[in-house]
Amino acid sequence: MPEYTSPPATAAGPPGLLRLPALIDERRPGRFQFAVALLCGLVMLLDGFDTQAINYMAPAITRDWGISTGTMSTIFSAALVGLMIGYLLLAPLSDKFGHKRLVLAGVAVFSLSTLLSVWVRNPDELLVLRLVTGIGLGMATPSTIALTAEYSPKRARASFVLAIYCGFSLGFVAANYAADWLIPMHGWRSVFLAGAILPLILLGLLTWRLPESLAFHVRRGETAKAYALCRRIDRRLPDTTAVRIEAASADPRKRVKLSELLSGRQLFGTVLLWVVFAVNLAMFYGLQSWMPTVLHERGYSAGTLATASSMTTIGGIAIAFLVGPAMDRLGAYGALATLYLSGCGFLALMSAVLGAPAWLVLVAIFLIGCSVSGGQKSVIALAAVFYPEEVRSTGVGWALGIGRVGGILGPLIVGGMLSAGWSHQQLFLTLAIPSAFCGLIVLYLGLRAKKSTRT
């Protein structure tokens, strides 16, 4: 760990030296850092709300306009395409404009496009606005994660990232309750209105209180702004301008390019990380899409189906309180690999309890949510650990974007398996294979990281 040299107690002494990220890594997180995480968590919550709300609105929209489910599926896909554009093409712009500006721009785009959706007159207009909404969501998320990771000490980084990403899942839950409450009384357009007003209010708070990246200020030579943020992290630092700040992880004048993720020793690790993202999201969306159908065919009640839909999300949130500290204290790679490998047993359990009492099936679904939904959150935290600060937003953005390919293919693959006559037991046992595959890849990445540290 780089050394930290405190500035002098008075401005009359020789200039002091602050090194990043040692300044943050050597201290316990304080009120300022928790506030950053809270703001980023609120962005993620509204991101999840906007992403999921359209799914709850779909039946009312389809009935109101008299459109087919195929047309509605195209509208869903438009948001996914927008997300990929935001993740892959716009998130890397944080190197030029800063994380804060990308977050503000992303929130502004998705809140305004959601507001305009209140007055859409036909499916084509809604499709275009959902595309723009997806772009805004994709712009904001990687920089939100990168800011949280940068202001978190290394020993608690995974926990902080997992905590804010739980906001995304809580947004799913909030969208469900909002739709149930608003649509019967005010119609489906009222959900768009709620999904626009809340982020517009948050936008003002973010403009006022969300800090810019420390390393970004250093790269631009804005020492005074960077030091002001350092003093918010550590109030004991003296009020002086005689200070020098170094970003130990990178040349302050270096411009980061996407090619750095795909060159040298970084290439293989990046590709493997992308594979884990894609496989995990394929499992997540495949199960989310088809679990209600499987349970219906097994004769479970509508109430059980409704509860099962939330069990996966609840499991992912609950396990974050365990796997986050485990990643920080026991090792990010080993903890996540254990979670994925445990998922093999949970999926096997699901195949064994189908047809059993509903409570037992719900327990199995909760455990699957721990490994699949929890794994999805945890691999994002792993990416925040895997990539250094100077490429973190680009690395996380591309991992999320490539992962969306798996999210698109997952429901198609699971649907194809069921259409081909696979039994429900065969389906869950087969899904244990990609879970084990992800666990083994993460173990291998951990071994590579350990070997790289030694050399």
# chains A, B, ... in the order shown; residues from 1 in each chain; ligands from 1
$ residues_around --residues "Leu182 in chain A" --least-positions-apart "5" --cutoff "7 Å" --atoms "only C-alpha atoms" --output "list in words"
Gly187, Ser190 and Val191 of chain A
$ residues_around --residues "range 323-339 of chain A" --least-positions-apart "4" --cutoff "8 Å" --atoms "only C-alpha atoms" --output "short mmCIF file (atom, residue, chain, number, x, y, z; two decimals) with all heavy atoms, in the first residue's frame"
data_model
loop_
_atom_site.label_atom_id
_atom_site.label_comp_id
_atom_site.auth_asym_id
_atom_site.auth_seq_id
_atom_site.Cartn_x
_atom_site.Cartn_y
_atom_site.Cartn_z
N LYS A 154 -10.48 0.16 0.57
CA LYS A 154 -10.36 -1.12 -0.12
C LYS A 154 -10.93 -2.26 0.71
O LYS A 154 -11.55 -3.18 0.17
CB LYS A 154 -8.88 -1.39 -0.43
CG LYS A 154 -8.64 -2.63 -1.27
CD LYS A 154 -7.17 -2.77 -1.63
CE LYS A 154 -6.94 -3.98 -2.50
NZ LYS A 154 -5.51 -4.13 -2.87
N ARG A 155 -10.76 -2.21 2.03
CA ARG A 155 -11.22 -3.31 2.89
C ARG A 155 -12.74 -3.37 3.02
O ARG A 155 -13.27 -4.34 3.57
CB ARG A 155 -10.60 -3.18 4.29
CG ARG A 155 -10.99 -1.91 5.03
CD ARG A 155 -10.28 -1.81 6.37
NE ARG A 155 -10.59 -0.56 7.07
CZ ARG A 155 -9.97 0.58 6.85
NH1 ARG A 155 -8.98 0.63 5.96
NH2 ARG A 155 -10.30 1.68 7.52
N ALA A 156 -13.46 -2.33 2.54
CA ALA A 156 -14.92 -2.34 2.62
C ALA A 156 -15.55 -2.07 1.26
O ALA A 156 -16.77 -1.86 1.17
CB ALA A 156 -15.40 -1.29 3.63
N ARG A 157 -14.76 -2.10 0.19
CA ARG A 157 -15.25 -1.69 -1.13
C ARG A 157 -16.39 -2.58 -1.63
O ARG A 157 -17.41 -2.10 -2.12
CB ARG A 157 -14.09 -1.69 -2.13
CG ARG A 157 -14.43 -1.10 -3.48
CD ARG A 157 -13.16 -0.78 -4.23
NE ARG A 157 -12.40 0.26 -3.54
CZ ARG A 157 -11.06 0.37 -3.58
NH1 ARG A 157 -10.35 -0.52 -4.25
NH2 ARG A 157 -10.47 1.33 -2.92
N ALA A 158 -16.22 -3.89 -1.52
CA ALA A 158 -17.27 -4.79 -2.01
C ALA A 158 -18.57 -4.58 -1.25
O ALA A 158 -19.65 -4.60 -1.84
CB ALA A 158 -16.80 -6.24 -1.88
N SER A 159 -18.48 -4.36 0.06
CA SER A 159 -19.68 -4.15 0.86
C SER A 159 -20.42 -2.88 0.42
O SER A 159 -21.65 -2.87 0.32
CB SER A 159 -19.32 -4.04 2.35
OG SER A 159 -18.80 -5.26 2.83
N PHE A 160 -19.67 -1.81 0.17
CA PHE A 160 -20.29 -0.57 -0.26
C PHE A 160 -20.98 -0.73 -1.61
O PHE A 160 -22.11 -0.27 -1.81
CB PHE A 160 -19.25 0.55 -0.33
CG PHE A 160 -19.09 1.32 0.96
CD1 PHE A 160 -18.48 0.75 2.05
CD2 PHE A 160 -19.55 2.61 1.07
CE1 PHE A 160 -18.33 1.45 3.24
CE2 PHE A 160 -19.42 3.34 2.24
CZ PHE A 160 -18.80 2.75 3.34
N LEU A 162 -22.01 -3.52 -3.07
CA LEU A 162 -23.17 -4.39 -2.92
C LEU A 162 -24.35 -3.65 -2.28
O LEU A 162 -25.51 -3.84 -2.65
CB LEU A 162 -22.80 -5.61 -2.07
CG LEU A 162 -22.30 -6.83 -2.83
CD1 LEU A 162 -21.71 -7.85 -1.86
CD2 LEU A 162 -23.42 -7.46 -3.63
N ILE A 319 -28.61 -11.93 1.00
CA ILE A 319 -27.26 -12.51 0.98
C ILE A 319 -26.20 -11.43 0.88
O ILE A 319 -25.03 -11.64 1.26
CB ILE A 319 -27.12 -13.53 -0.18
CG1 ILE A 319 -25.91 -14.44 0.04
CG2 ILE A 319 -27.00 -12.81 -1.51
CD1 ILE A 319 -26.04 -15.35 1.24
N GLY A 343 -24.79 -22.37 -5.22
CA GLY A 343 -25.98 -22.32 -6.06
C GLY A 343 -26.28 -23.63 -6.74
O GLY A 343 -27.45 -23.94 -7.02
N CYS A 370 -30.47 -16.18 -3.54
CA CYS A 370 -29.20 -15.85 -2.88
C CYS A 370 -28.03 -16.04 -3.83
O CYS A 370 -27.12 -15.19 -3.91
CB CYS A 370 -29.00 -16.72 -1.64
SG CYS A 370 -30.11 -16.31 -0.27
N SER A 371 -28.03 -17.13 -4.59
CA SER A 371 -26.89 -17.43 -5.45
C SER A 371 -26.96 -16.72 -6.79
O SER A 371 -25.94 -16.24 -7.30
CB SER A 371 -26.77 -18.94 -5.66
OG SER A 371 -27.91 -19.44 -6.34
N GLY A 375 -25.48 -13.34 -6.71
CA GLY A 375 -24.28 -13.43 -7.54
C GLY A 375 -24.19 -12.30 -8.54
O GLY A 375 -23.11 -11.77 -8.82
N SER A 378 -22.97 -9.37 -6.64
CA SER A 378 -21.61 -9.58 -6.16
C SER A 378 -20.58 -9.51 -7.27
O SER A 378 -19.45 -9.06 -7.05
CB SER A 378 -21.51 -10.95 -5.45
OG SER A 378 -22.41 -11.01 -4.36
N VAL A 379 -20.94 -9.95 -8.47
CA VAL A 379 -19.96 -9.89 -9.56
C VAL A 379 -19.72 -8.44 -9.99
O VAL A 379 -18.64 -8.09 -10.48
CB VAL A 379 -20.41 -10.77 -10.76
CG1 VAL A 379 -21.54 -10.14 -11.55
CG2 VAL A 379 -19.22 -11.06 -11.67
N LEU A 382 -17.26 -7.39 -7.59
CA LEU A 382 -15.98 -7.97 -8.00
C LEU A 382 -15.33 -7.12 -9.09
O LEU A 382 -14.12 -6.90 -9.08
CB LEU A 382 -16.17 -9.40 -8.47
CG LEU A 382 -14.89 -10.12 -8.92
CD1 LEU A 382 -13.98 -10.37 -7.72
CD2 LEU A 382 -15.20 -11.43 -9.62
N VAL A 385 -13.60 -4.25 -7.75
CA VAL A 385 -12.32 -4.62 -7.14
C VAL A 385 -11.30 -4.98 -8.22
O VAL A 385 -10.11 -4.66 -8.12
CB VAL A 385 -12.52 -5.80 -6.17
CG1 VAL A 385 -11.19 -6.33 -5.66
CG2 VAL A 385 -13.41 -5.39 -5.00
N CYS A 438 -19.47 -20.56 -13.51
CA CYS A 438 -19.15 -19.22 -13.00
C CYS A 438 -18.24 -19.31 -11.78
O CYS A 438 -17.28 -18.55 -11.65
CB CYS A 438 -20.42 -18.47 -12.64
SG CYS A 438 -21.41 -17.93 -14.05
N GLY A 439 -18.55 -20.25 -10.88
CA GLY A 439 -17.72 -20.41 -9.68
C GLY A 439 -16.28 -20.77 -10.01
O GLY A 439 -15.34 -20.22 -9.42
N LEU A 440 -16.10 -21.65 -10.97
CA LEU A 440 -14.74 -22.07 -11.35
C LEU A 440 -13.98 -20.94 -12.03
O LEU A 440 -12.77 -20.76 -11.81
CB LEU A 440 -14.81 -23.30 -12.26
CG LEU A 440 -15.35 -24.58 -11.59
CD1 LEU A 440 -15.50 -25.68 -12.63
CD2 LEU A 440 -14.44 -25.02 -10.46
N VAL A 442 -14.41 -17.72 -11.48
CA VAL A 442 -14.04 -16.75 -10.45
C VAL A 442 -12.87 -17.27 -9.62
O VAL A 442 -11.95 -16.51 -9.27
CB VAL A 442 -15.25 -16.43 -9.55
CG1 VAL A 442 -14.84 -15.57 -8.36
CG2 VAL A 442 -16.33 -15.70 -10.37
N LEU A 443 -12.87 -18.56 -9.31
CA LEU A 443 -11.72 -19.15 -8.60
C LEU A 443 -10.44 -18.97 -9.41
O LEU A 443 -9.38 -18.62 -8.86
CB LEU A 443 -11.96 -20.63 -8.34
CG LEU A 443 -12.80 -21.00 -7.11
CD1 LEU A 443 -12.98 -22.51 -7.05
CD2 LEU A 443 -12.15 -20.48 -5.83
N LEU A 445 -9.82 -16.66 -11.69
CA LEU A 445 -9.44 -15.24 -11.68
C LEU A 445 -8.75 -14.88 -10.37
O LEU A 445 -7.81 -14.08 -10.35
CB LEU A 445 -10.68 -14.37 -11.89
CG LEU A 445 -11.27 -14.33 -13.30
CD1 LEU A 445 -12.59 -13.57 -13.30
CD2 LEU A 445 -10.30 -13.71 -14.28
N GLY A 446 -9.22 -15.48 -9.27
CA GLY A 446 -8.59 -15.23 -7.98
C GLY A 446 -7.17 -15.74 -7.93
O GLY A 446 -6.27 -15.08 -7.39
#
$ select_by_dssp --residues "range 196-346 of chain A" --states "strand (DSSP E)" --output "list in words"
Val243, Arg244, Ile245, Glu246 and Ala247 of chain A
$ select_by_dssp --residues "range 162-323 of chain A" --states "alpha helix (DSSP H)" --output "PyMOL selection string"
chain A and resi 162-186+189-209+214-219+223-233+264-297+302-323
$ closest_residue --among "A:Cys344, A:Ile433, A:Ala215, A:Ile402" --to "Leu272 in chain A" --atoms "only C-alpha atoms"
A:Ile402
$ closest_residue --among "A:Leu205, A:Leu45, A:Cys230, A:Ile245" --to "Ala174 in chain A" --atoms "only C-alpha atoms"
A:Leu45
$ closest_residue --among "A:Ala306, A:Leu237, A:Leu273, A:Val128" --to "Ala358 in chain A" --atoms "only C-alpha atoms"
A:Ala306
$ atom_distance --atom1 "CA of Ala53 in chain A" --atom2 "CA of Ala364 in chain A"
26.3 Å
$ residues_around --residues "Phe172 in chain A" --least-positions-apart "4" --cutoff "8 Å" --atoms "only C-alpha atoms" --output "PyMOL selection string"
chain A and resi 45+48-49+51-53+168+176
$ write_last_selection --atoms "N, CA, C and O atoms" --output "PDB file, in the first residue's frame"
ATOM      1  N   LEU A  45     -31.725   2.906  -6.850  1.00  0.00           N
ATOM      2  CA  LEU A  45     -33.116   2.578  -6.533  1.00  0.00           C
ATOM      3  C   LEU A  45     -34.056   3.087  -7.628  1.00  0.00           C
ATOM      4  O   LEU A  45     -34.940   2.357  -8.088  1.00  0.00           O
ATOM      5  N   GLY A  48     -33.670   1.025 -10.742  1.00  0.00           N
ATOM      6  CA  GLY A  48     -34.438  -0.210 -10.666  1.00  0.00           C
ATOM      7  C   GLY A  48     -35.931   0.027 -10.816  1.00  0.00           C
ATOM      8  O   GLY A  48     -36.634  -0.754 -11.469  1.00  0.00           O
ATOM      9  N   PHE A  49     -36.431   1.107 -10.220  1.00  0.00           N
ATOM     10  CA  PHE A  49     -37.851   1.455 -10.332  1.00  0.00           C
ATOM     11  C   PHE A  49     -38.235   1.642 -11.791  1.00  0.00           C
ATOM     12  O   PHE A  49     -39.218   1.073 -12.279  1.00  0.00           O
ATOM     13  N   THR A  51     -36.634   0.694 -14.498  1.00  0.00           N
ATOM     14  CA  THR A  51     -36.416  -0.510 -15.302  1.00  0.00           C
ATOM     15  C   THR A  51     -37.584  -1.480 -15.171  1.00  0.00           C
ATOM     16  O   THR A  51     -38.033  -2.081 -16.152  1.00  0.00           O
ATOM     17  N   GLN A  52     -38.099  -1.657 -13.951  1.00  0.00           N
ATOM     18  CA  GLN A  52     -39.107  -2.678 -13.679  1.00  0.00           C
ATOM     19  C   GLN A  52     -40.532  -2.186 -13.846  1.00  0.00           C
ATOM     20  O   GLN A  52     -41.426  -2.981 -14.163  1.00  0.00           O
ATOM     21  N   ALA A  53     -40.783  -0.896 -13.668  1.00  0.00           N
ATOM     22  CA  ALA A  53     -42.159  -0.390 -13.664  1.00  0.00           C
ATOM     23  C   ALA A  53     -42.894  -0.715 -14.953  1.00  0.00           C
ATOM     24  O   ALA A  53     -44.090  -1.043 -14.938  1.00  0.00           O
ATOM     25  N   PHE A 168     -31.007  -1.105  -6.370  1.00  0.00           N
ATOM     26  CA  PHE A 168     -31.602  -1.490  -7.652  1.00  0.00           C
ATOM     27  C   PHE A 168     -32.730  -2.497  -7.430  1.00  0.00           C
ATOM     28  O   PHE A 168     -33.830  -2.374  -7.980  1.00  0.00           O
ATOM     29  N   ASN A 176     -43.334  -2.377  -7.949  1.00  0.00           N
ATOM     30  CA  ASN A 176     -44.472  -3.280  -7.797  1.00  0.00           C
ATOM     31  C   ASN A 176     -45.571  -2.622  -6.960  1.00  0.00           C
ATOM     32  O   ASN A 176     -46.741  -2.570  -7.357  1.00  0.00           O
TER      33      ASN A 176
END
$ residues_around --residues "Leu418 in chain A" --least-positions-apart "5" --cutoff "8 Å" --atoms "only C-alpha atoms" --output "MDAnalysis selection string"
chainID A and resid 423:424 427
$ write_last_selection --atoms "all heavy atoms" --output "mmCIF file, in the first residue's frame"
data_model
loop_
_atom_site.group_PDB
_atom_site.id
_atom_site.type_symbol
_atom_site.label_atom_id
_atom_site.label_comp_id
_atom_site.auth_asym_id
_atom_site.auth_seq_id
_atom_site.Cartn_x
_atom_site.Cartn_y
_atom_site.Cartn_z
ATOM 1 N N SER A 423 -38.082 -31.869 -18.679
ATOM 2 C CA SER A 423 -38.853 -31.830 -17.438
ATOM 3 C C SER A 423 -38.362 -30.686 -16.565
ATOM 4 O O SER A 423 -37.247 -30.169 -16.741
ATOM 5 C CB SER A 423 -38.723 -33.151 -16.684
ATOM 6 O OG SER A 423 -37.415 -33.293 -16.138
ATOM 7 N N HIS A 424 -39.189 -30.292 -15.618
ATOM 8 C CA HIS A 424 -38.796 -29.222 -14.712
ATOM 9 C C HIS A 424 -37.577 -29.627 -13.871
ATOM 10 O O HIS A 424 -36.694 -28.796 -13.607
ATOM 11 C CB HIS A 424 -39.962 -28.855 -13.802
ATOM 12 C CG HIS A 424 -41.178 -28.390 -14.552
ATOM 13 N ND1 HIS A 424 -42.459 -28.614 -14.115
ATOM 14 C CD2 HIS A 424 -41.286 -27.710 -15.732
ATOM 15 C CE1 HIS A 424 -43.317 -28.091 -14.983
ATOM 16 N NE2 HIS A 424 -42.633 -27.547 -15.966
ATOM 17 N N LEU A 427 -34.534 -29.238 -15.977
ATOM 18 C CA LEU A 427 -34.200 -27.823 -16.158
ATOM 19 C C LEU A 427 -33.341 -27.312 -15.013
ATOM 20 O O LEU A 427 -32.264 -26.726 -15.233
ATOM 21 C CB LEU A 427 -35.486 -27.002 -16.255
ATOM 22 C CG LEU A 427 -35.316 -25.479 -16.219
ATOM 23 C CD1 LEU A 427 -34.580 -25.002 -17.456
ATOM 24 C CD2 LEU A 427 -36.678 -24.787 -16.098
#
$ atom_distance --atom1 "CA of Phe192 in chain A" --atom2 "CA of Leu131 in chain A"
14.7 Å
$ closest_residue --among "A:Thr148, A:Thr430, A:Ser309, A:Thr394" --to "Leu362 in chain A" --atoms "only C-alpha atoms"
A:Ser309
$ residues_around --residues "Gly316 in chain A" --least-positions-apart "4" --cutoff "6 Å" --atoms "only C-alpha atoms" --output "list of chain:residue names"
A:Gly369, A:Cys370, A:Ser373, A:Gly374
$ decode --residues "range 127-147 of chain A" --atoms "N, CA, C and O atoms" --output "tab-separated table (two decimals), in the first residue's frame"
chain	number	residue	atom	x	y	z
A	127	LEU	N	-41.90	3.43	-27.69
A	127	LEU	CA	-40.67	2.68	-28.02
A	127	LEU	C	-39.46	3.61	-28.06
A	127	LEU	O	-38.40	3.30	-27.49
A	128	VAL	N	-39.60	4.75	-28.73
A	128	VAL	CA	-38.48	5.69	-28.83
A	128	VAL	C	-38.09	6.21	-27.45
A	128	VAL	O	-36.90	6.29	-27.11
A	129	LEU	N	-39.07	6.55	-26.64
A	129	LEU	CA	-38.77	7.09	-25.32
A	129	LEU	C	-38.18	6.03	-24.40
A	129	LEU	O	-37.34	6.36	-23.55
A	130	ARG	N	-38.59	4.78	-24.55
A	130	ARG	CA	-37.97	3.72	-23.73
A	130	ARG	C	-36.52	3.50	-24.16
A	130	ARG	O	-35.66	3.20	-23.33
A	131	LEU	N	-36.22	3.67	-25.43
A	131	LEU	CA	-34.83	3.60	-25.90
A	131	LEU	C	-34.00	4.69	-25.24
A	131	LEU	O	-32.90	4.44	-24.72
A	132	VAL	N	-34.52	5.92	-25.24
A	132	VAL	CA	-33.80	7.05	-24.64
A	132	VAL	C	-33.67	6.85	-23.13
A	132	VAL	O	-32.62	7.13	-22.54
A	133	THR	N	-34.74	6.33	-22.51
A	133	THR	CA	-34.68	6.06	-21.07
A	133	THR	C	-33.57	5.06	-20.76
A	133	THR	O	-32.80	5.24	-19.81
A	134	GLY	N	-33.47	4.00	-21.54
A	134	GLY	CA	-32.42	3.00	-21.35
A	134	GLY	C	-31.03	3.61	-21.48
A	134	GLY	O	-30.12	3.28	-20.72
A	135	ILE	N	-30.87	4.52	-22.44
A	135	ILE	CA	-29.58	5.19	-22.61
A	135	ILE	C	-29.21	5.96	-21.35
A	135	ILE	O	-28.08	5.91	-20.86
A	136	GLY	N	-30.18	6.69	-20.79
A	136	GLY	CA	-29.92	7.44	-19.57
A	136	GLY	C	-29.55	6.54	-18.41
A	136	GLY	O	-28.61	6.82	-17.65
A	137	LEU	N	-30.29	5.44	-18.25
A	137	LEU	CA	-29.98	4.50	-17.19
A	137	LEU	C	-28.59	3.91	-17.36
A	137	LEU	O	-27.84	3.74	-16.39
A	138	GLY	N	-28.23	3.58	-18.60
A	138	GLY	CA	-26.91	3.02	-18.87
A	138	GLY	C	-25.78	4.00	-18.67
A	138	GLY	O	-24.66	3.62	-18.34
A	139	MET	N	-26.04	5.29	-18.84
A	139	MET	CA	-25.03	6.31	-18.59
A	139	MET	C	-24.72	6.42	-17.10
A	139	MET	O	-23.57	6.56	-16.70
A	140	ALA	N	-25.77	6.39	-16.29
A	140	ALA	CA	-25.61	6.70	-14.86
A	140	ALA	C	-25.01	5.56	-14.06
A	140	ALA	O	-24.20	5.79	-13.16
A	141	THR	N	-25.40	4.32	-14.35
A	141	THR	CA	-25.05	3.20	-13.47
A	141	THR	C	-23.55	2.97	-13.30
A	141	THR	O	-23.06	2.88	-12.16
A	142	PRO	N	-22.75	2.86	-14.37
A	142	PRO	CA	-21.31	2.58	-14.17
A	142	PRO	C	-20.60	3.66	-13.36
A	142	PRO	O	-19.75	3.34	-12.50
A	143	SER	N	-20.92	4.92	-13.60
A	143	SER	CA	-20.26	5.99	-12.85
A	143	SER	C	-20.72	6.02	-11.41
A	143	SER	O	-19.97	6.39	-10.51
A	144	THR	N	-21.98	5.63	-11.17
A	144	THR	CA	-22.47	5.53	-9.80
A	144	THR	C	-21.67	4.48	-9.03
A	144	THR	O	-21.25	4.71	-7.89
A	145	ILE	N	-21.47	3.33	-9.65
A	145	ILE	CA	-20.68	2.26	-9.03
A	145	ILE	C	-19.23	2.70	-8.85
A	145	ILE	O	-18.61	2.46	-7.80
A	146	ALA	N	-18.67	3.35	-9.87
A	146	ALA	CA	-17.27	3.78	-9.80
A	146	ALA	C	-17.05	4.81	-8.69
A	146	ALA	O	-16.04	4.75	-7.97
A	147	LEU	N	-17.97	5.76	-8.54
A	147	LEU	CA	-17.84	6.75	-7.47
A	147	LEU	C	-17.91	6.09	-6.10
A	147	LEU	O	-17.13	6.42	-5.20
